[in-house]
$ cat coords04.cif   # mmCIF, C-alpha atoms
data_run
loop_
_atom_site.label_atom_id
_atom_site.label_comp_id
_atom_site.auth_asym_id
_atom_site.auth_seq_id
_atom_site.Cartn_x
_atom_site.Cartn_y
_atom_site.Cartn_z
CA MET D 1 -11.32 72.50 140.40
CA SER D 2 -11.01 74.09 136.95
CA VAL D 3 -14.27 73.94 135.01
CA ILE D 4 -13.94 72.14 131.66
CA THR D 5 -16.19 73.59 128.96
CA ARG D 6 -17.46 72.76 125.51
CA SER D 7 -14.92 75.26 124.16
CA ASP D 8 -12.09 73.28 125.78
CA ILE D 9 -13.25 70.19 123.91
CA GLU D 10 -13.63 72.08 120.64
CA ASN D 11 -10.13 73.51 121.07
CA ALA D 12 -8.81 70.03 121.81
CA HIS D 13 -10.37 68.75 118.60
CA SER D 14 -8.74 71.54 116.59
CA ARG D 15 -5.43 70.64 118.22
CA ILE D 16 -5.51 66.88 117.57
CA LYS D 17 -7.57 66.48 114.40
CA ASP D 18 -4.56 66.35 112.06
CA TYR D 19 -2.99 63.59 114.15
CA THR D 20 -6.01 61.33 114.74
CA HIS D 21 -8.66 59.49 112.74
CA THR D 22 -12.29 60.55 112.58
CA THR D 23 -13.55 57.12 113.56
CA PRO D 24 -16.56 55.53 111.84
CA ILE D 25 -20.10 54.85 113.02
CA PHE D 26 -21.47 51.30 112.74
CA GLN D 27 -24.95 49.84 112.96
CA SER D 28 -26.43 46.34 113.02
CA ASN D 29 -29.85 46.18 111.41
CA LEU D 30 -30.37 42.79 113.00
CA LEU D 31 -29.58 44.05 116.50
CA ASN D 32 -31.85 47.07 115.98
CA LYS D 33 -34.66 44.72 114.96
CA TRP D 34 -34.17 42.43 117.94
CA LEU D 35 -34.04 45.28 120.47
CA GLY D 36 -36.56 47.54 118.74
CA HIS D 37 -34.37 50.65 118.92
CA GLU D 38 -31.73 52.46 116.85
CA LEU D 39 -28.21 51.78 118.07
CA TYR D 40 -25.10 53.51 116.74
CA PHE D 41 -21.57 52.37 117.55
CA LYS D 42 -18.64 54.82 117.53
CA GLY D 43 -15.63 52.73 116.46
CA GLU D 44 -12.73 54.06 118.51
CA CYS D 45 -11.18 50.62 118.01
CA PHE D 46 -10.19 52.10 114.61
CA GLN D 47 -8.37 55.04 116.20
CA LYS D 48 -4.59 55.15 115.88
CA THR D 49 -3.14 52.87 118.63
CA GLY D 50 -6.53 51.11 118.73
CA SER D 51 -8.36 53.19 121.34
CA PHE D 52 -9.74 56.61 122.26
CA LYS D 53 -6.86 57.17 124.69
CA LEU D 54 -4.71 58.83 122.02
CA ARG D 55 -7.04 61.84 121.98
CA GLY D 56 -6.37 62.84 125.58
CA ALA D 57 -2.66 62.12 125.54
CA LEU D 58 -2.16 64.07 122.33
CA ASN D 59 -4.22 67.00 123.53
CA MET D 60 -2.19 67.35 126.72
CA MET D 61 1.16 67.03 124.97
CA LEU D 62 0.29 69.27 122.00
CA LYS D 63 -1.07 71.94 124.33
CA ALA D 64 2.16 71.78 126.34
CA LYS D 65 4.15 72.11 123.12
CA GLN D 66 2.08 75.11 121.99
CA GLU D 67 2.75 76.78 125.34
CA GLY D 68 6.47 76.00 125.21
CA ARG D 69 6.49 73.64 128.19
CA LEU D 70 6.80 70.18 126.59
CA PRO D 71 9.91 68.63 128.17
CA SER D 72 12.31 66.05 126.77
CA LYS D 73 10.56 63.19 128.53
CA VAL D 74 6.99 62.17 129.41
CA ILE D 75 5.87 59.49 131.85
CA ALA D 76 2.62 57.65 132.52
CA SER D 77 1.13 54.70 134.38
CA SER D 78 -1.36 52.54 132.51
CA SER D 79 -2.93 49.10 132.10
CA GLY D 80 -2.36 49.30 128.36
CA ASN D 81 -4.29 51.62 126.05
CA HIS D 82 -3.08 54.83 127.68
CA ALA D 83 0.43 53.38 127.60
CA GLN D 84 0.25 52.94 123.83
CA ALA D 85 -1.26 56.38 123.39
CA VAL D 86 1.49 58.15 125.34
CA ALA D 87 4.20 56.10 123.64
CA TYR D 88 2.80 56.88 120.17
CA ALA D 89 2.32 60.59 120.90
CA ALA D 90 5.80 60.89 122.39
CA HIS D 91 7.34 59.21 119.36
CA MET D 92 5.42 61.51 117.03
CA LEU D 93 6.50 64.63 118.94
CA GLY D 94 10.10 63.51 119.33
CA VAL D 95 10.28 63.10 123.11
CA LYS D 96 11.21 60.12 125.28
CA ALA D 97 8.58 58.15 127.20
CA THR D 98 8.62 55.77 130.16
CA ILE D 99 5.46 53.83 131.01
CA TYR D 100 4.87 52.25 134.43
CA SER D 101 2.46 49.34 134.48
CA ALA D 102 1.46 46.17 136.34
CA GLN D 103 2.88 42.86 135.20
CA ASN D 104 -0.60 41.69 134.12
CA ILE D 105 -0.65 44.20 131.26
CA SER D 106 -1.99 42.71 128.02
CA LYS D 107 0.89 41.32 125.97
CA VAL D 108 -0.51 42.97 122.85
CA LYS D 109 -0.61 46.37 124.56
CA ALA D 110 2.84 45.92 126.08
CA ALA D 111 4.38 44.97 122.73
CA ALA D 112 2.82 47.97 120.99
CA THR D 113 3.99 50.33 123.73
CA GLN D 114 7.58 49.15 123.28
CA TYR D 115 7.27 49.20 119.49
CA TYR D 116 6.49 52.92 119.64
CA GLY D 117 9.80 53.40 121.45
CA ALA D 118 8.74 53.78 125.07
CA THR D 119 10.52 52.18 128.02
CA LEU D 120 8.14 49.84 129.87
CA ASP D 121 8.69 49.54 133.63
CA LEU D 122 6.65 46.67 135.14
CA SER D 123 5.63 46.24 138.79
CA PRO D 124 3.79 43.38 140.54
CA THR D 125 0.67 45.55 141.04
CA ARG D 126 -0.93 48.64 139.55
CA LYS D 127 -0.72 50.38 142.92
CA GLN D 128 3.07 49.99 142.88
CA ALA D 129 3.23 51.25 139.29
CA ASP D 130 1.21 54.32 140.27
CA ALA D 131 3.59 54.98 143.16
CA LYS D 132 6.59 54.75 140.82
CA VAL D 133 5.19 57.23 138.32
CA LYS D 134 4.37 59.68 141.11
CA GLN D 135 7.96 59.50 142.32
CA ALA D 136 9.34 59.85 138.78
CA SER D 137 7.22 62.96 138.23
CA GLN D 138 9.45 64.80 140.71
CA GLU D 139 12.43 64.52 138.36
CA HIS D 140 13.60 67.52 136.32
CA ASP D 141 12.33 68.06 132.75
CA VAL D 142 9.53 65.46 132.96
CA LEU D 143 5.82 65.76 132.20
CA TRP D 144 3.42 63.28 133.81
CA ILE D 145 0.57 62.34 131.44
CA PRO D 146 -2.16 60.91 133.71
CA PRO D 147 -4.63 58.42 132.21
CA PHE D 148 -7.77 60.35 133.16
CA ASN D 149 -7.49 62.80 136.06
CA HIS D 150 -6.49 65.98 134.20
CA GLU D 151 -8.45 68.74 132.45
CA ASP D 152 -6.54 68.36 129.17
CA ILE D 153 -7.06 64.59 129.16
CA ILE D 154 -10.79 64.92 129.82
CA ALA D 155 -11.13 67.58 127.09
CA GLY D 156 -9.31 65.34 124.62
CA GLN D 157 -11.53 62.37 125.39
CA GLY D 158 -14.58 64.59 124.97
CA THR D 159 -13.76 64.89 121.26
CA VAL D 160 -15.10 61.33 120.81
CA LEU D 161 -18.67 62.48 121.45
CA MET D 162 -18.10 65.78 119.64
CA GLU D 163 -17.32 63.82 116.49
CA ALA D 164 -20.14 61.34 117.04
CA MET D 165 -22.77 64.07 117.46
CA GLN D 166 -21.66 65.50 114.13
CA GLN D 167 -22.06 62.06 112.56
CA VAL D 168 -25.41 61.10 114.17
CA ASP D 169 -28.10 63.62 115.04
CA ALA D 170 -30.97 63.57 117.54
CA LEU D 171 -29.39 61.14 120.01
CA ASP D 172 -31.43 60.24 123.08
CA ALA D 173 -28.63 58.58 125.04
CA VAL D 174 -24.89 57.90 125.14
CA PHE D 175 -23.19 54.92 126.76
CA ALA D 176 -19.47 54.47 127.40
CA PRO D 177 -17.28 52.34 129.66
CA LEU D 178 -16.02 53.78 132.93
CA GLY D 179 -12.56 53.08 134.30
CA GLY D 180 -10.94 56.24 135.62
CA GLY D 181 -13.69 58.37 134.11
CA GLY D 182 -11.94 60.53 131.50
CA LEU D 183 -14.05 59.39 128.56
CA ILE D 184 -17.40 59.57 130.32
CA SER D 185 -16.53 62.94 131.91
CA GLY D 186 -15.68 64.46 128.54
CA SER D 187 -18.82 62.89 127.09
CA HIS D 188 -20.97 64.38 129.84
CA ILE D 189 -19.50 67.85 129.39
CA TYR D 190 -19.97 67.91 125.63
CA GLY D 191 -23.25 66.00 125.42
CA LYS D 192 -25.07 68.12 128.00
CA SER D 193 -23.72 71.33 126.45
CA VAL D 194 -25.37 70.42 123.15
CA ASN D 195 -28.56 68.90 124.55
CA SER D 196 -29.29 69.15 128.27
CA SER D 197 -31.89 66.35 128.04
CA ILE D 198 -29.56 63.74 126.51
CA SER D 199 -28.96 60.80 128.85
CA ILE D 200 -25.27 60.16 129.56
CA ASN D 201 -24.59 56.72 131.02
CA ALA D 202 -21.60 54.61 132.01
CA ALA D 203 -20.89 50.93 132.59
CA GLU D 204 -18.22 49.37 134.78
CA PRO D 205 -17.48 45.79 135.87
CA LEU D 206 -19.34 44.71 139.00
CA VAL D 207 -16.05 43.33 140.36
CA ALA D 208 -14.40 46.72 139.78
CA ASN D 209 -17.28 48.98 140.80
CA ASP D 210 -15.37 51.72 142.58
CA ALA D 211 -17.24 54.44 140.66
CA ALA D 212 -20.67 53.09 141.58
CA GLN D 213 -19.57 52.75 145.20
CA SER D 214 -18.20 56.29 145.12
CA ARG D 215 -21.54 57.60 143.87
CA ARG D 216 -23.38 55.72 146.62
CA PHE D 217 -21.15 57.11 149.39
CA ASN D 218 -20.67 60.50 147.69
CA THR D 219 -16.94 60.21 148.24
CA ILE D 220 -14.19 58.49 146.25
CA GLN D 221 -13.85 54.81 147.14
CA MET D 222 -10.70 52.84 146.32
CA LEU D 223 -10.68 49.12 145.63
CA GLY D 224 -8.58 47.11 148.07
CA ALA D 225 -6.89 44.97 145.43
CA GLN D 226 -6.41 44.85 141.67
CA PRO D 227 -9.71 43.52 140.25
CA VAL D 228 -9.70 40.52 137.93
CA THR D 229 -12.10 41.31 135.09
CA LEU D 230 -12.45 40.69 131.37
CA ALA D 231 -12.83 44.47 131.03
CA ASP D 232 -9.19 45.20 131.89
CA GLY D 233 -9.48 48.72 130.49
CA ALA D 234 -11.89 49.52 133.33
CA ALA D 235 -9.87 47.86 136.11
CA THR D 236 -8.74 51.08 137.78
CA LEU D 237 -8.52 51.14 141.56
CA SER D 238 -10.38 54.44 141.85
CA VAL D 239 -11.65 57.38 139.86
CA GLY D 240 -9.93 60.77 140.13
CA GLU D 241 -11.05 63.79 142.09
CA LYS D 242 -11.56 65.69 138.83
CA THR D 243 -13.47 62.95 137.00
CA PHE D 244 -15.57 62.17 140.08
CA GLU D 245 -17.19 65.60 139.89
CA TYR D 246 -18.64 64.60 136.49
CA ILE D 247 -19.29 60.96 137.40
CA LYS D 248 -21.61 62.22 140.16
CA LEU D 249 -23.68 63.98 137.48
CA LEU D 250 -24.17 60.96 135.20
CA ASP D 251 -27.69 59.71 134.62
CA ASN D 252 -26.71 56.11 135.42
CA VAL D 253 -23.68 53.95 136.21
CA TYR D 254 -24.41 50.30 135.48
CA GLU D 255 -22.48 47.51 137.23
CA ILE D 256 -21.95 44.64 134.80
CA GLU D 257 -21.45 40.95 135.53
CA GLU D 258 -18.53 39.15 133.88
CA THR D 259 -20.85 36.80 131.98
CA ASP D 260 -22.61 39.81 130.43
CA ILE D 261 -19.25 41.29 129.42
CA ALA D 262 -18.31 38.07 127.63
CA TYR D 263 -21.80 37.77 126.10
CA TRP D 264 -21.72 41.21 124.51
CA THR D 265 -18.10 40.94 123.39
CA GLN D 266 -19.05 37.84 121.41
CA TRP D 267 -22.22 39.33 120.00
CA LEU D 268 -20.72 42.69 118.94
CA GLN D 269 -17.81 40.96 117.27
CA HIS D 270 -20.29 38.71 115.49
CA LEU D 271 -22.86 41.35 114.49
CA LEU D 272 -20.56 44.26 113.65
CA LYS D 273 -17.73 42.12 112.22
CA ILE D 274 -15.14 44.19 114.05
CA HIS D 275 -12.60 43.49 116.79
CA VAL D 276 -13.71 45.06 120.09
CA GLU D 277 -12.33 44.78 123.60
CA PRO D 278 -14.52 43.45 126.41
CA THR D 279 -14.30 46.92 127.99
CA SER D 280 -15.98 48.33 124.88
CA ALA D 281 -18.70 45.70 124.71
CA MET D 282 -19.57 45.98 128.40
CA SER D 283 -21.73 49.07 127.84
CA MET D 284 -24.31 47.05 125.90
CA ALA D 285 -25.46 45.34 129.10
CA GLY D 286 -26.23 48.80 130.50
CA VAL D 287 -27.96 49.81 127.27
CA CYS D 288 -30.35 46.87 127.56
CA GLN D 289 -31.16 47.71 131.19
CA TRP D 290 -31.87 51.33 130.19
CA LEU D 291 -34.02 50.39 127.20
CA GLN D 292 -36.24 48.07 129.23
CA HIS D 293 -37.99 51.13 130.64
CA LYS D 294 -38.52 52.92 127.32
CA THR D 295 -41.86 52.81 125.50
CA THR D 296 -40.78 54.75 122.40
CA THR D 297 -37.96 54.15 119.93
CA GLN D 298 -34.64 55.45 121.27
CA ARG D 299 -31.53 56.55 119.36
CA VAL D 300 -28.54 55.39 121.38
CA LEU D 301 -24.81 55.89 120.83
CA VAL D 302 -22.42 53.29 122.22
CA VAL D 303 -18.73 54.22 122.34
CA LEU D 304 -16.58 51.23 121.38
CA SER D 305 -13.57 52.49 123.25
CA GLY D 306 -10.88 50.13 121.96
CA GLY D 307 -9.90 47.01 120.07
CA ASN D 308 -6.67 45.82 121.64
CA ILE D 309 -7.18 42.26 122.87
CA ASP D 310 -4.64 39.45 123.08
CA TYR D 311 -5.00 35.69 122.71
CA LYS D 312 -5.31 35.02 126.44
CA LYS D 313 -8.15 37.50 126.87
CA MET D 314 -9.84 36.31 123.68
CA HIS D 315 -9.68 32.73 124.94
CA GLN D 316 -11.34 33.78 128.21
CA VAL D 317 -14.08 35.62 126.32
CA TRP D 318 -14.84 32.63 124.10
CA ASN D 319 -14.49 29.98 126.81
CA HIS D 320 -18.28 29.60 126.66
CA ASP D 321 -20.41 30.05 123.53
CA TYR D 322 -23.05 32.74 124.14
CA LEU D 323 -24.17 33.02 120.52
CA ASP D 324 -26.92 30.45 121.02
CA THR D 325 -28.83 33.03 123.11
CA LEU D 326 -30.18 35.89 121.02
CA PRO D 327 -29.99 39.47 122.35
CA SER D 328 -33.29 40.75 123.74
CA LEU D 329 -34.66 43.18 126.31
#
$ encode --input "coords04.cif" --output "structure tokens"
Amino acid sequence: MSVITRSDIENAHSRIKDYTHTTPIFQSNLLNKWLGHELYFKGECFQKTGSFKLRGALNMMLKAKQEGRLPSKVIASSSGNHAQAVAYAAHMLGVKATIYSAQNISKVKAAATQYYGATLDLSPTRKQADAKVKQASQEHDVLWIPPFNHEDIIAGQGTVLMEAMQQVDALDAVFAPLGGGGLISGSHIYGKSVNSSISINAAEPLVANDAAQSRRFNTIQMLGAQPVTLADGAATLSVGEKTFEYIKLLDNVYEIEETDIAYWTQWLQHLLKIHVEPTSAMSMAGVCQWLQHKTTTQRVLVVLSGGNIDYKKMHQVWNHDYLDTLPSL
């Protein structure tokens, strides 16, 4: 496996910076008071296309263009945010895009993908969509943009933490959601290169805990069926062989109950006054578990990975009112 370095992430940032937003950092004084620590939220929900996924897709495609190997068509399989990212990047670079996805894709994400000009090919399951994109990758003059399992994707996603560590200094820990592992892998590479003692942590849904299972067995585990979770951005069937090498090195992978995902989605939307996906909010349950063992004030960064959520998902999140229970450790 090719080793991804801090320089790869810095080069990715130089490549994509003119095409992406430097996303803001948010804080809630009330939440800091309740938990007794300093929390910082990196708002990738304000990135173009509404998630961090644009960084990786753009880095891979711009690098291919620089090297003279960007074809006339790109393809990808995705549950939504990666689909939008590839569609947007393809439109911007003047190439065609076809996205393969499961029929349960968020309507908001599907509409945006088509708005950017991509062809959306839907299958009954994600496994079937993944099989289709693999077959399509054999066609002539096509570049497959994987959602996470590629060095250029991981390097692009690592620019999230690169930016954040320029915006907030002296961080003790970083938390991010874990689906396929591109974001947390890039975060681990960059974070540890700057400060070897920083704690890099991930959260995934308990009902979609393939990464945690893979760590326990020390080999990649694949879920038997498409998981049903509020955190649809983390509903991958398995991590990749490239991302798994970094997932094994993480300080912690927290497995989060669905009620905790809904709880923190409601509270972050309420406290920060911004629109975040359940996948983004999920990490806060892991943060609270981590902080329970700390006796000194910690400075923690939480990556809010995206903000694309449709009415159906929002209705599920707010089916029960969790705001009558204050956050605490």
$ resolve_selection --input "coords04.cif" --expression "the PyMOL selection byres ((chain D and resi 185) around 7)" --output "ChimeraX atom specification"
/D:154,181-184,186-189,243,246-247
$ atom_distance --input "coords04.cif" --atom1 "atom CA of D:Thr5" --atom2 "atom CA of D:Gly50"
26.5 Å
$ resolve_selection --input "coords04.cif" --expression "the PyMOL selection byres ((chain D and resi 83) around 12)" --output "VMD selection string"
chain D and resid 49 to 54 56 to 57 74 to 82 84 to 90 97 to 102 105 to 106 108 to 122 145 to 147 233 308
$ residues_around --input "coords04.cif" --residues "D:Lys127" --least-positions-apart "4" --cutoff "10 Å" --atoms "all atoms listed in the file" --output "VMD selection string"
chain D and resid 77 101 to 102 123 131 to 132 224 to 226 236 to 237
$ atom_distance --input "coords04.cif" --atom1 "atom CA of D:Arg69" --atom2 "atom CA of D:Val160"
25.9 Å
$ residues_around --input "coords04.cif" --residues "stretch 169-172 of chain D" --least-positions-apart "5" --cutoff "10 Å" --atoms "all atoms listed in the file" --output "ChimeraX atom specification"
/D:38-40,164,191,195,197-200,297-301
$ closest_residue --input "coords04.cif" --among "D:Arg55, D:His37, D:His270, D:Lys313" --to "D:Asp232" --atoms "all atoms listed in the file"
D:Lys313
$ closest_residue --input "coords04.cif" --among "D:Thr125, D:Gln47, D:Thr279, D:Ser305" --to "D:Trp264" --atoms "only C-alpha atoms"
D:Thr279
$ atom_distance --input "coords04.cif" --atom1 "atom CA of D:Gly286" --atom2 "atom CA of D:Asp310"
24.7 Å
$ resolve_selection --input "coords04.cif" --expression "the PyMOL selection byres ((chain D and resi 15-21) around 10)" --output "PyMOL selection string"
chain D and resi 9-14+22-24+44+46-49+52+54-63+66+89+92+156+159
$ write_last_selection --input "coords04.cif" --atoms "C-alpha atoms" --output "mmCIF file, keeping the file's coordinate frame"
data_model
loop_
_atom_site.group_PDB
_atom_site.id
_atom_site.type_symbol
_atom_site.label_atom_id
_atom_site.label_comp_id
_atom_site.auth_asym_id
_atom_site.auth_seq_id
_atom_site.Cartn_x
_atom_site.Cartn_y
_atom_site.Cartn_z
ATOM 1 C CA ILE D 9 -13.250 70.190 123.910
ATOM 2 C CA GLU D 10 -13.630 72.080 120.640
ATOM 3 C CA ASN D 11 -10.130 73.510 121.070
ATOM 4 C CA ALA D 12 -8.810 70.030 121.810
ATOM 5 C CA HIS D 13 -10.370 68.750 118.600
ATOM 6 C CA SER D 14 -8.740 71.540 116.590
ATOM 7 C CA THR D 22 -12.290 60.550 112.580
ATOM 8 C CA THR D 23 -13.550 57.120 113.560
ATOM 9 C CA PRO D 24 -16.560 55.530 111.840
ATOM 10 C CA GLU D 44 -12.730 54.060 118.510
ATOM 11 C CA PHE D 46 -10.190 52.100 114.610
ATOM 12 C CA GLN D 47 -8.370 55.040 116.200
ATOM 13 C CA LYS D 48 -4.590 55.150 115.880
ATOM 14 C CA THR D 49 -3.140 52.870 118.630
ATOM 15 C CA PHE D 52 -9.740 56.610 122.260
ATOM 16 C CA LEU D 54 -4.710 58.830 122.020
ATOM 17 C CA ARG D 55 -7.040 61.840 121.980
ATOM 18 C CA GLY D 56 -6.370 62.840 125.580
ATOM 19 C CA ALA D 57 -2.660 62.120 125.540
ATOM 20 C CA LEU D 58 -2.160 64.070 122.330
ATOM 21 C CA ASN D 59 -4.220 67.000 123.530
ATOM 22 C CA MET D 60 -2.190 67.350 126.720
ATOM 23 C CA MET D 61 1.160 67.030 124.970
ATOM 24 C CA LEU D 62 0.290 69.270 122.000
ATOM 25 C CA LYS D 63 -1.070 71.940 124.330
ATOM 26 C CA GLN D 66 2.080 75.110 121.990
ATOM 27 C CA ALA D 89 2.320 60.590 120.900
ATOM 28 C CA MET D 92 5.420 61.510 117.030
ATOM 29 C CA GLY D 156 -9.310 65.340 124.620
ATOM 30 C CA THR D 159 -13.760 64.890 121.260
#
$ residues_near_point --input "coords04.cif" --point "(-20.7, 52.4, 122.9)" --cutoff "8 Å" --atoms "only C-alpha atoms" --output "list in words"
Tyr40, Phe41, Lys42, Val174, Phe175, Ala176, Pro177, Ser280, Ala281, Ser283, Met284, Leu301, Val302, Val303, Leu304 and Ser305 of chain D
$ residues_around --input "coords04.cif" --residues "D:Ser238" --least-positions-apart "2" --cutoff "9 Å" --atoms "only C-alpha atoms" --output "PyMOL selection string"
chain D and resi 179-180+208-211+214+220-223+235-236+240
$ closest_residue --input "coords04.cif" --among "D:Gln292, D:Gln269, D:Asn252, D:Thr229" --to "D:Gln316" --atoms "only C-alpha atoms"
D:Thr229
$ residues_around --input "coords04.cif" --residues "D:Leu271" --least-positions-apart "5" --cutoff "10 Å" --atoms "all atoms listed in the file" --output "list in words"
Gln27, Ser28, Asn29, Leu30, Leu31 and Gln266 of chain D
$ closest_residue --input "coords04.cif" --among "D:Arg215, D:Lys73, D:Lys192, D:Lys242" --to "D:Ile153" --atoms "only C-alpha atoms"
D:Lys242
$ residues_near_point --input "coords04.cif" --point "(-18.3, 40.9, 127.4)" --cutoff "9 Å" --atoms "only C-alpha atoms" --output "number ranges by chain"
D: 230-231, 257-268, 277-285, 317
$ write_last_selection --input "coords04.cif" --atoms "C-alpha atoms" --output "PDB file, in the coordinates of the input"
ATOM      1  CA  LEU D 230     -12.450  40.690 131.370  1.00  0.00           C
ATOM      2  CA  ALA D 231     -12.830  44.470 131.030  1.00  0.00           C
ATOM      3  CA  GLU D 257     -21.450  40.950 135.530  1.00  0.00           C
ATOM      4  CA  GLU D 258     -18.530  39.150 133.880  1.00  0.00           C
ATOM      5  CA  THR D 259     -20.850  36.800 131.980  1.00  0.00           C
ATOM      6  CA  ASP D 260     -22.610  39.810 130.430  1.00  0.00           C
ATOM      7  CA  ILE D 261     -19.250  41.290 129.420  1.00  0.00           C
ATOM      8  CA  ALA D 262     -18.310  38.070 127.630  1.00  0.00           C
ATOM      9  CA  TYR D 263     -21.800  37.770 126.100  1.00  0.00           C
ATOM     10  CA  TRP D 264     -21.720  41.210 124.510  1.00  0.00           C
ATOM     11  CA  THR D 265     -18.100  40.940 123.390  1.00  0.00           C
ATOM     12  CA  GLN D 266     -19.050  37.840 121.410  1.00  0.00           C
ATOM     13  CA  TRP D 267     -22.220  39.330 120.000  1.00  0.00           C
ATOM     14  CA  LEU D 268     -20.720  42.690 118.940  1.00  0.00           C
ATOM     15  CA  GLU D 277     -12.330  44.780 123.600  1.00  0.00           C
ATOM     16  CA  PRO D 278     -14.520  43.450 126.410  1.00  0.00           C
ATOM     17  CA  THR D 279     -14.300  46.920 127.990  1.00  0.00           C
ATOM     18  CA  SER D 280     -15.980  48.330 124.880  1.00  0.00           C
ATOM     19  CA  ALA D 281     -18.700  45.700 124.710  1.00  0.00           C
ATOM     20  CA  MET D 282     -19.570  45.980 128.400  1.00  0.00           C
ATOM     21  CA  SER D 283     -21.730  49.070 127.840  1.00  0.00           C
ATOM     22  CA  MET D 284     -24.310  47.050 125.900  1.00  0.00           C
ATOM     23  CA  ALA D 285     -25.460  45.340 129.100  1.00  0.00           C
ATOM     24  CA  VAL D 317     -14.080  35.620 126.320  1.00  0.00           C
TER      25      VAL D 317
END
$ closest_residue --input "coords04.cif" --among "D:Leu143, D:Ala64, D:Ala155, D:Val207" --to "D:Asp8" --atoms "all atoms listed in the file"
D:Ala155
$ build_atoms --input "coords04.cif" --residues "stretch 78-83 of chain D" --atoms "all heavy atoms" --output "PDB file, in the coordinates of the input"
ATOM      1  N   SER D  78      -0.228  52.978 133.318  1.00  0.00           N
ATOM      2  CA  SER D  78      -1.360  52.540 132.510  1.00  0.00           C
ATOM      3  C   SER D  78      -1.451  51.033 132.466  1.00  0.00           C
ATOM      4  O   SER D  78      -0.444  50.323 132.550  1.00  0.00           O
ATOM      5  CB  SER D  78      -1.222  53.082 131.080  1.00  0.00           C
ATOM      6  OG  SER D  78      -2.161  52.476 130.214  1.00  0.00           O
ATOM      7  N   SER D  79      -2.691  50.531 132.292  1.00  0.00           N
ATOM      8  CA  SER D  79      -2.930  49.100 132.100  1.00  0.00           C
ATOM      9  C   SER D  79      -2.796  48.708 130.634  1.00  0.00           C
ATOM     10  O   SER D  79      -2.904  47.543 130.297  1.00  0.00           O
ATOM     11  CB  SER D  79      -4.331  48.719 132.595  1.00  0.00           C
ATOM     12  OG  SER D  79      -5.321  49.409 131.839  1.00  0.00           O
ATOM     13  N   GLY D  80      -2.589  49.675 129.754  1.00  0.00           N
ATOM     14  CA  GLY D  80      -2.360  49.300 128.360  1.00  0.00           C
ATOM     15  C   GLY D  80      -2.673  50.321 127.301  1.00  0.00           C
ATOM     16  O   GLY D  80      -1.781  50.775 126.586  1.00  0.00           O
ATOM     17  N   ASN D  81      -3.932  50.728 127.156  1.00  0.00           N
ATOM     18  CA  ASN D  81      -4.290  51.620 126.050  1.00  0.00           C
ATOM     19  C   ASN D  81      -3.707  53.015 126.220  1.00  0.00           C
ATOM     20  O   ASN D  81      -3.274  53.634 125.254  1.00  0.00           O
ATOM     21  CB  ASN D  81      -5.812  51.678 125.897  1.00  0.00           C
ATOM     22  CG  ASN D  81      -6.367  50.455 125.203  1.00  0.00           C
ATOM     23  OD1 ASN D  81      -5.659  49.776 124.460  1.00  0.00           O
ATOM     24  ND2 ASN D  81      -7.641  50.161 125.445  1.00  0.00           N
ATOM     25  N   HIS D  82      -3.703  53.520 127.436  1.00  0.00           N
ATOM     26  CA  HIS D  82      -3.080  54.830 127.680  1.00  0.00           C
ATOM     27  C   HIS D  82      -1.575  54.736 127.461  1.00  0.00           C
ATOM     28  O   HIS D  82      -0.949  55.678 126.968  1.00  0.00           O
ATOM     29  CB  HIS D  82      -3.405  55.305 129.094  1.00  0.00           C
ATOM     30  CG  HIS D  82      -2.836  56.642 129.439  1.00  0.00           C
ATOM     31  ND1 HIS D  82      -3.190  57.797 128.768  1.00  0.00           N
ATOM     32  CD2 HIS D  82      -1.932  57.032 130.393  1.00  0.00           C
ATOM     33  CE1 HIS D  82      -2.549  58.834 129.290  1.00  0.00           C
ATOM     34  NE2 HIS D  82      -1.769  58.392 130.271  1.00  0.00           N
ATOM     35  N   ALA D  83      -0.999  53.588 127.813  1.00  0.00           N
ATOM     36  CA  ALA D  83       0.430  53.380 127.600  1.00  0.00           C
ATOM     37  C   ALA D  83       0.778  53.511 126.121  1.00  0.00           C
ATOM     38  O   ALA D  83       1.731  54.217 125.745  1.00  0.00           O
ATOM     39  CB  ALA D  83       0.838  51.992 128.103  1.00  0.00           C
TER      40      ALA D  83
END
